[in-house]
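As stored in structure12.txt (compact mmCIF, C-alpha atoms):
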```txt
# COMPACT_ATOMS: atom_id res chain seq x y z
CA MET A 91 -5.28 -20.17 -5.14
CA MET A 92 -5.89 -16.50 -5.81
CA LEU A 93 -6.90 -14.60 -2.70
CA GLU A 94 -6.94 -11.25 -4.37
CA ASP A 95 -9.74 -9.60 -6.22
CA GLU A 96 -8.09 -10.22 -9.57
CA LEU A 97 -7.67 -7.07 -11.59
CA THR A 98 -9.75 -6.48 -14.68
CA VAL A 99 -8.39 -3.78 -16.98
CA SER A 100 -10.28 -2.31 -19.90
CA THR A 101 -9.83 0.77 -22.06
CA ARG A 102 -12.22 3.20 -23.71
CA ASP A 103 -12.19 6.68 -25.18
CA ARG A 104 -14.23 9.60 -23.87
CA GLU A 105 -13.88 13.01 -25.42
CA GLY A 106 -10.30 12.42 -26.47
CA VAL A 107 -9.21 11.00 -23.13
CA ALA A 108 -8.08 7.38 -22.97
CA ILE A 109 -9.67 5.90 -19.89
CA VAL A 110 -8.11 2.82 -18.37
CA ASP A 111 -10.63 1.25 -16.01
CA LEU A 112 -9.01 -0.72 -13.19
CA VAL A 113 -11.40 -2.98 -11.29
CA GLY A 114 -9.78 -5.14 -8.63
CA ASP A 115 -6.56 -5.22 -6.69
CA VAL A 116 -3.47 -3.42 -7.95
CA THR A 117 -0.55 -5.55 -6.83
CA THR A 118 2.50 -7.21 -8.33
CA PHE A 119 0.17 -9.51 -10.30
CA ALA A 120 -1.31 -6.52 -12.15
CA GLU A 121 1.83 -5.48 -13.99
CA GLU A 122 1.26 -7.08 -17.37
CA LYS A 123 -2.40 -6.06 -17.57
CA ILE A 124 -1.76 -2.41 -16.71
CA ASN A 125 1.29 -2.06 -18.94
CA SER A 126 -0.50 -3.73 -21.80
CA ALA A 127 -3.51 -1.39 -21.49
CA TYR A 128 -1.19 1.61 -21.37
CA ARG A 129 0.68 0.43 -24.48
CA GLU A 130 -2.64 -0.08 -26.27
CA VAL A 131 -3.89 3.48 -25.67
CA THR A 132 -0.46 4.96 -26.39
CA ASN A 133 -0.23 3.12 -29.70
CA LYS A 134 -3.49 4.84 -30.66
CA GLY A 135 -1.76 8.18 -30.20
CA THR A 136 -3.58 9.40 -27.10
CA ARG A 137 -2.20 12.42 -25.23
CA PHE A 138 -4.45 12.18 -22.21
CA VAL A 139 -4.58 9.08 -20.02
CA LEU A 140 -6.92 8.59 -17.09
CA LEU A 141 -6.44 5.67 -14.70
CA ASN A 142 -9.92 5.15 -13.32
CA PHE A 143 -9.88 3.12 -10.08
CA ARG A 144 -12.77 1.56 -8.22
CA GLN A 145 -13.21 2.85 -4.67
CA ASN A 146 -11.97 0.55 -1.93
CA ASP A 147 -9.85 -1.73 -4.06
CA TYR A 148 -6.50 -2.75 -2.66
CA ILE A 149 -3.33 -1.08 -3.89
CA ASN A 150 0.00 -2.04 -2.38
CA SER A 151 3.56 -0.82 -2.83
CA ALA A 152 4.16 -3.25 -5.69
CA GLY A 153 1.12 -1.78 -7.43
CA ILE A 154 2.42 1.71 -6.76
CA ALA A 155 5.71 0.70 -8.38
CA ILE A 156 3.80 -0.31 -11.52
CA LEU A 157 2.12 3.10 -11.57
CA ILE A 158 5.48 4.85 -11.17
CA GLY A 159 6.56 2.88 -14.23
CA ILE A 160 3.56 4.27 -16.11
CA VAL A 161 4.53 7.80 -15.03
CA THR A 162 7.99 7.19 -16.50
CA GLU A 163 6.43 6.25 -19.83
CA VAL A 164 3.92 9.10 -19.75
CA ASN A 165 6.75 11.60 -19.23
CA ARG A 166 8.78 10.01 -22.00
CA ASN A 167 5.82 10.13 -24.42
CA GLY A 168 4.78 13.69 -23.59
CA GLN A 169 1.36 12.64 -22.30
CA LYS A 170 -0.78 13.90 -19.42
CA LEU A 171 -1.82 11.46 -16.69
CA ALA A 172 -4.63 11.70 -14.16
CA VAL A 173 -6.28 9.30 -11.73
CA SER A 174 -9.85 9.09 -10.50
CA GLY A 175 -12.00 6.91 -8.28
CA LEU A 176 -9.49 6.50 -5.47
CA SER A 177 -10.75 6.33 -1.90
CA GLN A 178 -9.66 9.13 0.46
CA HIS A 179 -7.16 6.73 1.99
CA PHE A 180 -5.48 5.90 -1.29
CA GLN A 181 -5.50 9.55 -2.34
CA LYS A 182 -3.44 10.11 0.81
CA ILE A 183 -1.14 7.22 -0.10
CA PHE A 184 -0.61 8.65 -3.60
CA ARG A 185 0.40 11.97 -2.03
CA MET A 186 2.74 10.24 0.43
CA VAL A 187 4.68 8.42 -2.28
CA GLY A 188 4.78 11.47 -4.55
CA LEU A 189 2.57 10.15 -7.36
CA ALA A 190 0.29 13.17 -6.96
CA GLN A 191 3.11 15.35 -8.31
CA TYR A 192 2.86 13.56 -11.64
CA ALA A 193 -0.81 12.64 -11.90
CA GLU A 194 -3.68 14.97 -11.05
CA ILE A 195 -6.09 13.31 -8.62
CA TYR A 196 -9.82 13.67 -9.29
CA GLN A 197 -12.74 12.30 -7.31
CA ASN A 198 -14.40 10.73 -10.32
CA GLU A 199 -14.27 10.33 -14.07
CA ASP A 200 -16.47 13.36 -14.84
CA GLU A 201 -14.23 15.68 -12.84
CA ALA A 202 -11.18 14.25 -14.54
CA ILE A 203 -12.59 14.84 -18.02
CA SER A 204 -13.43 18.44 -17.06
CA GLY A 205 -9.92 18.83 -15.63
CA PHE A 206 -8.29 17.59 -18.83
CA LYS A 207 -10.44 20.04 -20.83
CA ARG A 208 -9.45 22.96 -18.60
CA ASN A 209 -5.77 22.05 -18.90
CA THR A 210 -6.05 21.72 -22.68
CA LEU A 211 -7.61 25.16 -22.93
CA ARG A 212 -4.90 26.57 -20.69
CA VAL A 213 -2.18 25.05 -22.88
CA SER A 214 -3.67 26.16 -26.22
CA MET B 61 -23.30 -5.24 17.61
CA THR B 62 -22.25 -4.80 21.24
CA TYR B 63 -18.80 -5.81 22.32
CA PRO B 64 -17.92 -7.03 25.82
CA THR B 65 -16.61 -4.41 28.26
CA ASN B 66 -13.46 -6.45 28.87
CA PRO B 67 -12.58 -7.59 25.38
CA ILE B 68 -9.90 -10.06 24.47
CA THR B 69 -6.70 -8.04 24.17
CA SER B 70 -4.44 -10.35 22.21
CA MET B 71 -4.62 -12.43 19.05
CA GLU B 72 -2.21 -14.57 17.05
CA LEU B 73 -2.31 -15.54 13.39
CA ILE B 74 -0.09 -17.89 11.42
CA LEU B 75 -0.07 -17.24 7.68
CA PRO B 76 1.17 -19.42 4.83
CA ASN B 77 4.12 -17.76 3.15
CA GLU B 78 2.26 -16.84 -0.02
CA LEU B 79 1.47 -13.43 -1.46
CA GLY B 80 -2.22 -12.73 -1.11
CA TYR B 81 -2.52 -14.10 2.42
CA GLU B 82 -1.67 -10.64 3.72
CA LEU B 83 -5.26 -9.78 2.78
CA ILE B 84 -6.62 -12.38 5.19
CA ALA B 85 -4.39 -10.98 7.94
CA ARG B 86 -5.47 -7.46 7.03
CA ASP B 87 -9.17 -8.22 7.39
CA ALA B 88 -8.74 -10.19 10.63
CA VAL B 89 -6.52 -7.60 12.31
CA ALA B 90 -8.72 -4.74 11.11
CA ALA B 91 -11.74 -6.38 12.74
CA PHE B 92 -9.72 -6.93 15.92
CA ALA B 93 -8.57 -3.28 15.93
CA TRP B 94 -12.14 -2.09 15.47
CA ARG B 95 -13.24 -4.10 18.52
CA LEU B 96 -10.45 -2.45 20.50
CA GLY B 97 -11.59 1.06 19.61
CA VAL B 98 -9.07 2.06 16.95
CA PRO B 99 -10.68 4.93 14.93
CA ILE B 100 -11.90 3.95 11.47
CA ASP B 101 -9.52 6.23 9.53
CA ARG B 102 -6.60 4.73 11.45
CA ILE B 103 -7.84 1.27 10.57
CA ASP B 104 -7.35 2.12 6.89
CA ASP B 105 -3.77 3.10 7.74
CA LEU B 106 -3.32 -0.08 9.76
CA LYS B 107 -4.57 -2.22 6.86
CA THR B 108 -2.08 -0.74 4.40
CA ALA B 109 0.83 -0.82 6.88
CA LEU B 110 0.12 -4.39 7.93
CA CYS B 111 -0.09 -5.59 4.33
CA GLU B 112 3.27 -3.97 3.57
CA ALA B 113 4.87 -5.58 6.63
CA CYS B 114 3.45 -8.98 5.63
CA ILE B 115 4.65 -8.60 2.04
CA ASN B 116 8.16 -7.77 3.31
CA ALA B 117 8.08 -10.87 5.52
CA ILE B 118 6.83 -13.12 2.70
CA GLU B 119 9.03 -11.74 -0.09
CA HIS B 120 12.20 -10.77 1.73
CA GLY B 121 12.41 -12.42 5.16
CA ASN B 122 11.06 -15.75 3.97
CA SER B 123 12.26 -15.36 0.36
CA LEU B 124 8.88 -16.57 -1.01
CA LYS B 125 9.60 -20.10 0.26
CA PRO B 126 6.21 -21.87 0.38
CA ASP B 127 7.07 -24.13 3.33
CA LEU B 128 7.64 -21.19 5.70
CA HIS B 129 5.15 -19.13 7.66
CA VAL B 130 4.55 -15.60 8.87
CA GLU B 131 3.40 -15.12 12.44
CA ILE B 132 1.34 -12.12 13.46
CA LEU B 133 0.98 -11.24 17.13
CA CYS B 134 -1.47 -8.55 18.19
CA ARG B 135 -1.79 -7.23 21.73
CA VAL B 136 -2.76 -4.17 23.68
CA GLU B 137 0.07 -2.26 25.35
CA ASP B 138 -1.08 0.71 27.39
CA GLU B 139 -3.13 2.82 24.99
CA CYS B 140 -1.79 1.16 21.86
CA LEU B 141 -2.55 -1.78 19.67
CA VAL B 142 0.80 -3.40 18.92
CA ILE B 143 1.19 -5.78 15.98
CA GLU B 144 4.32 -7.84 15.41
CA VAL B 145 4.91 -9.47 12.03
CA CYS B 146 7.57 -12.15 12.29
CA ASP B 147 9.14 -14.25 9.57
CA GLU B 148 11.45 -17.24 9.75
CA GLY B 149 14.45 -15.23 8.67
CA VAL B 150 15.84 -16.92 5.61
CA ARG B 151 17.20 -13.48 4.82
CA PRO B 152 18.01 -11.07 7.65
CA PHE B 153 16.71 -7.58 7.19
CA ALA B 154 19.34 -5.19 5.87
CA PRO B 155 18.03 -1.64 6.04
CA LYS B 156 18.97 0.73 3.26
CA ALA B 157 20.24 4.11 4.37
CA GLU B 158 17.44 6.04 2.74
CA PRO B 159 14.74 4.83 0.35
CA LEU B 160 14.76 6.43 -3.07
CA SER B 161 12.26 9.23 -3.68
CA ILE B 162 9.90 9.08 -6.63
CA VAL B 163 12.04 11.68 -8.38
CA GLU B 164 15.08 9.40 -8.06
CA LYS B 165 13.07 6.38 -9.18
CA LEU B 166 11.82 8.25 -12.25
CA ALA B 167 15.41 9.24 -12.99
CA GLY B 168 16.27 5.54 -13.17
CA MET B 169 18.48 5.60 -10.08
CA GLY B 170 17.11 2.34 -8.70
CA SER B 171 14.23 -0.08 -8.42
CA LEU B 172 10.68 1.20 -8.67
CA ARG B 173 9.84 -1.05 -5.73
CA GLY B 174 10.89 -0.45 -2.13
CA MET B 175 8.33 2.04 -0.86
CA GLY B 176 6.80 -0.31 1.69
CA LEU B 177 8.88 0.68 4.71
CA MET B 178 8.45 4.36 3.95
CA LEU B 179 4.69 3.93 3.80
CA ILE B 180 4.65 1.95 7.04
CA SER B 181 6.66 4.56 8.89
CA GLN B 182 4.27 7.30 7.80
CA LEU B 183 1.09 5.37 8.54
CA CYS B 184 1.90 3.97 12.01
CA ASP B 185 2.32 5.80 15.31
CA GLU B 186 5.47 3.71 15.77
CA SER B 187 7.22 1.11 13.68
CA GLY B 188 10.52 -0.69 13.52
CA PHE B 189 12.29 -4.01 13.73
CA VAL B 190 12.60 -5.57 17.18
CA SER B 191 15.07 -8.16 18.33
CA ARG B 192 13.83 -11.65 19.09
CA ASP B 193 15.42 -14.74 20.54
CA ASP B 194 14.30 -17.01 17.70
CA VAL B 195 15.65 -16.81 14.20
CA GLY B 196 13.88 -14.45 11.88
CA ASN B 197 12.94 -10.83 11.55
CA CYS B 198 10.22 -9.30 13.64
CA PHE B 199 8.63 -6.01 12.68
CA ARG B 200 6.57 -4.04 15.18
CA LEU B 201 3.72 -1.69 14.28
CA ALA B 202 1.88 0.35 16.89
CA PHE B 203 -1.32 2.37 16.69
CA GLN B 204 -2.91 4.47 19.39
CA ARG B 205 -6.31 3.03 20.24
CA HIS B 206 -7.97 6.35 20.91
CA ARG B 207 -7.40 9.57 19.05
CA ALA B 208 -7.31 11.59 22.29
CA ALA B 209 -4.45 9.56 23.74
CA SER B 210 -1.53 11.91 24.23
CA LEU B 211 1.13 9.36 25.08
CA GLY B 212 3.09 7.53 22.44
CA CYS B 213 3.16 3.79 22.15
CA SER B 214 5.70 2.30 24.53
CA SER B 215 8.27 0.01 23.00
CA ASN B 216 9.00 -3.50 24.09
CA PRO B 217 12.16 -4.06 26.05
CA GLY B 218 15.02 -4.85 23.75
CA SER B 219 16.34 -3.20 20.67
CA HIS B 220 13.94 -1.30 18.51
CA VAL B 221 15.00 0.10 15.19
CA SER B 222 12.70 2.78 13.91
CA VAL B 223 12.16 3.20 10.20
```
Using structure tokens, write down the structure from this file.
Amino acid sequence: MMLEDELTVSTRDREGVAIVDLVGDVTTFAEEKINSAYREVTNKGTRFVLLNFRQNDYINSAGIAILIGIVTEVNRNGQKLAVSGLSQHFQKIFRMVGLAQYAEIYQNEDEAISGFKRNTLRVS
Amino acid sequence: MTYPTNPITSMELILPNELGYELIARDAVAAFAWRLGVPIDRIDDLKTALCEACINAIEHGNSLKPDLHVEILCRVEDECLVIEVCDEGVRPFAPKAEPLSIVEKLAGMGSLRGMGLMLISQLCDESGFVSRDDVGNCFRLAFQRHRAASLGCSSNPGSHVSV
């Protein structure tokens, strides 16, 4: 029996940013889906990755470990990572575990896209 | 909804030892905490901390064995809501000296997992393992019921290992 809100992961492109939509609970059972989505967008050559969460979904320490694994890959591949859609509580959790040092936190997708654009301009 | 002026101040839950059931405990204990006056932002902290304690009990204490159970005891002590998460102790808890930071994890110095206890310690007013007469590990979480309360949460008699 599955008690969790099983995670649905999908990918799309918006203005050169690969958006990975995560709808559902991010726990140990999410590993293959998240890693697979990340591999898919990376294989397309994307430099900018946005993990777009749905407010109020459940993220536990096993899910956080999966995201730390994504940070490892993002660093290795020279990409930029950001997250959006997190509740205030999980924004706090991301700061507590240090993920916020490696992934900019935005309130929503629109802010994240603007943030990526600003950073790109600053770099170029 | 109006709650009675002298609410029930204790509750017990027995969970199957299966990942996912921590969510049922989370929702039940969150509703109980709300009835007891725990502020809403602290309830979010409680939910995350309780889930992590349950996951530790299911995965580590009870080694994912499906025939075992996790017991959750909630009670009011002074100005605090105290929650004890007890497993059947297939594996005794062996605390690591210091959990790895994210920098160390990214450097490949150890497992990416293992942030649960750190999260719990930051989210609770008090937390730690307590001794019990039965076999098994018992982890205690405490939350002040009212933001204005100036006193900490008093520990149970017996040993109490903070994390």
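The coordinates place atom CA of B:Ile84 at 27.3 Å from atom CA of A:Ser100.
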Report summary line: The residue from A:Arg185, A:Arg129, A:Arg144, A:Arg137 with the smallest atom-to-atom distance to chain B, counting all atoms listed in the file, is A:Arg185
10 Å contact set for stretch 178-180 of chain B, all atoms listed in the file, chain neighbours under 2 positions out, as a compact mmCIF listing (two decimals) with C-alpha atoms, in the frame of the given file:
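What follows is the written file around-v1.txt:
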```
# COMPACT_ATOMS: atom_id res chain seq x y z
CA ASN A 150 0.00 -2.04 -2.38
CA SER A 151 3.56 -0.82 -2.83
CA ILE A 183 -1.14 7.22 -0.10
CA MET A 186 2.74 10.24 0.43
CA VAL A 187 4.68 8.42 -2.28
CA ASP B 105 -3.77 3.10 7.74
CA LEU B 106 -3.32 -0.08 9.76
CA THR B 108 -2.08 -0.74 4.40
CA ALA B 109 0.83 -0.82 6.88
CA LEU B 110 0.12 -4.39 7.93
CA CYS B 111 -0.09 -5.59 4.33
CA GLU B 112 3.27 -3.97 3.57
CA ALA B 113 4.87 -5.58 6.63
CA GLU B 158 17.44 6.04 2.74
CA PRO B 159 14.74 4.83 0.35
CA LEU B 160 14.76 6.43 -3.07
CA SER B 161 12.26 9.23 -3.68
CA GLY B 174 10.89 -0.45 -2.13
CA MET B 175 8.33 2.04 -0.86
CA GLY B 176 6.80 -0.31 1.69
CA GLN B 182 4.27 7.30 7.80
CA LEU B 183 1.09 5.37 8.54
CA CYS B 184 1.90 3.97 12.01
CA ASP B 185 2.32 5.80 15.31
CA GLU B 186 5.47 3.71 15.77
CA SER B 187 7.22 1.11 13.68
CA GLY B 188 10.52 -0.69 13.52
CA LEU B 201 3.72 -1.69 14.28
CA VAL B 223 12.16 3.20 10.20
```
Per residue of stretch 169-211 of chain B within 9 Å of stretch 117-134 of chain B, note the shortest atom pair and the distance in Å to one decimal, counting all atoms listed in the file, and order the rows by chain and increasing residue number, as CSV.
```
residue,atom,partner,partner_atom,distance
B:Gly196,CA,B:Gly121,CA,7.2
B:Asn197,CA,B:Gly121,CA,6.6
B:Cys198,CA,B:Ala117,CA,8.5
B:Phe199,CA,B:Ala117,CA,8.7
```
Query - chain B contacts on chain A, only C-alpha atoms, 10 Å, as a PyMOL selection string - result: chain A and resi 91-95+117-119+148-163+165+178-180+182-183+186-189+191-192
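Coordinates place atom CA of B:Val136 at a distance of 5.5 Å from atom CA of B:Thr69.
Atom CA of B:Ala93 is found 21.8 Å from atom CA of B:Asp147.
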**Report entry** Nearest candidate to B:His206 (options B:Cys146, B:Val89, B:Ile74, B:Leu141; using only C-alpha atoms)
**Finding:** B:Leu141
Since the input is missing atoms, can you rebuild N, CA and C atoms for stretch 178-209 of chain A and write them as a CSV table (one decimal), in the frame of the given file?
```csv
chain,number,residue,atom,x,y,z
A,178,GLN,N,-10.4,8.1,-0.2
A,178,GLN,CA,-9.7,9.1,0.5
A,178,GLN,C,-8.3,8.6,1.0
A,179,HIS,N,-8.4,7.3,1.5
A,179,HIS,CA,-7.2,6.7,2.0
A,179,HIS,C,-6.1,6.6,0.9
A,180,PHE,N,-6.5,6.1,-0.3
A,180,PHE,CA,-5.5,5.9,-1.3
A,180,PHE,C,-5.1,7.2,-2.0
A,181,GLN,N,-6.0,8.2,-1.9
A,181,GLN,CA,-5.5,9.6,-2.3
A,181,GLN,C,-4.4,10.0,-1.4
A,182,LYS,N,-4.5,9.8,-0.1
A,182,LYS,CA,-3.4,10.1,0.8
A,182,LYS,C,-2.2,9.3,0.5
A,183,ILE,N,-2.3,8.0,0.2
A,183,ILE,CA,-1.1,7.2,-0.1
A,183,ILE,C,-0.4,7.8,-1.4
A,184,PHE,N,-1.2,8.1,-2.4
A,184,PHE,CA,-0.6,8.6,-3.6
A,184,PHE,C,0.2,9.9,-3.3
A,185,ARG,N,-0.3,10.7,-2.4
A,185,ARG,CA,0.4,12.0,-2.0
A,185,ARG,C,1.7,11.6,-1.3
A,186,MET,N,1.6,10.6,-0.4
A,186,MET,CA,2.7,10.2,0.4
A,186,MET,C,3.9,9.8,-0.4
A,187,VAL,N,3.6,9.0,-1.5
A,187,VAL,CA,4.7,8.4,-2.3
A,187,VAL,C,5.1,9.4,-3.4
A,188,GLY,N,4.4,10.5,-3.6
A,188,GLY,CA,4.8,11.5,-4.6
A,188,GLY,C,4.1,11.3,-5.9
A,189,LEU,N,3.2,10.3,-6.1
A,189,LEU,CA,2.6,10.2,-7.4
A,189,LEU,C,1.7,11.4,-7.7
A,190,ALA,N,1.2,12.0,-6.7
A,190,ALA,CA,0.3,13.2,-7.0
A,190,ALA,C,1.0,14.3,-7.7
A,191,GLN,N,2.4,14.3,-7.6
A,191,GLN,CA,3.1,15.4,-8.3
A,191,GLN,C,3.1,15.1,-9.8
A,192,TYR,N,2.8,13.9,-10.2
A,192,TYR,CA,2.9,13.6,-11.6
A,192,TYR,C,1.5,13.2,-12.2
A,193,ALA,N,0.5,13.0,-11.4
A,193,ALA,CA,-0.8,12.6,-11.9
A,193,ALA,C,-1.8,13.4,-11.1
A,194,GLU,N,-2.6,14.2,-11.7
A,194,GLU,CA,-3.7,15.0,-11.0
A,194,GLU,C,-4.7,14.0,-10.5
A,195,ILE,N,-5.1,14.2,-9.2
A,195,ILE,CA,-6.1,13.3,-8.6
A,195,ILE,C,-7.5,13.9,-8.7
A,196,TYR,N,-8.4,13.2,-9.2
A,196,TYR,CA,-9.8,13.7,-9.3
A,196,TYR,C,-10.7,12.7,-8.6
A,197,GLN,N,-11.8,13.2,-8.1
A,197,GLN,CA,-12.7,12.3,-7.3
A,197,GLN,C,-13.4,11.2,-8.2
A,198,ASN,N,-13.7,11.7,-9.4
A,198,ASN,CA,-14.4,10.7,-10.3
A,198,ASN,C,-14.1,11.1,-11.8
A,199,GLU,N,-14.6,10.2,-12.6
A,199,GLU,CA,-14.3,10.3,-14.1
A,199,GLU,C,-14.7,11.7,-14.7
A,200,ASP,N,-15.9,12.1,-14.3
A,200,ASP,CA,-16.5,13.4,-14.8
A,200,ASP,C,-15.6,14.5,-14.5
A,201,GLU,N,-15.1,14.6,-13.3
A,201,GLU,CA,-14.2,15.7,-12.8
A,201,GLU,C,-12.9,15.6,-13.6
A,202,ALA,N,-12.5,14.4,-13.8
A,202,ALA,CA,-11.2,14.2,-14.5
A,202,ALA,C,-11.3,14.7,-16.0
A,203,ILE,N,-12.4,14.4,-16.6
A,203,ILE,CA,-12.6,14.8,-18.0
A,203,ILE,C,-12.6,16.4,-18.1
A,204,SER,N,-13.4,17.0,-17.1
A,204,SER,CA,-13.4,18.4,-17.1
A,204,SER,C,-12.0,19.0,-16.8
A,205,GLY,N,-11.3,18.4,-15.9
A,205,GLY,CA,-9.9,18.8,-15.6
A,205,GLY,C,-9.0,18.8,-16.8
A,206,PHE,N,-9.1,17.7,-17.6
A,206,PHE,CA,-8.3,17.6,-18.8
A,206,PHE,C,-8.7,18.7,-19.8
A,207,LYS,N,-10.0,19.0,-19.9
A,207,LYS,CA,-10.4,20.0,-20.8
A,207,LYS,C,-9.9,21.4,-20.4
A,208,ARG,N,-10.0,21.7,-19.1
A,208,ARG,CA,-9.4,23.0,-18.6
A,208,ARG,C,-8.0,23.1,-18.9
A,209,ASN,N,-7.2,22.0,-18.7
A,209,ASN,CA,-5.8,22.0,-18.9
A,209,ASN,C,-5.5,22.2,-20.4
```
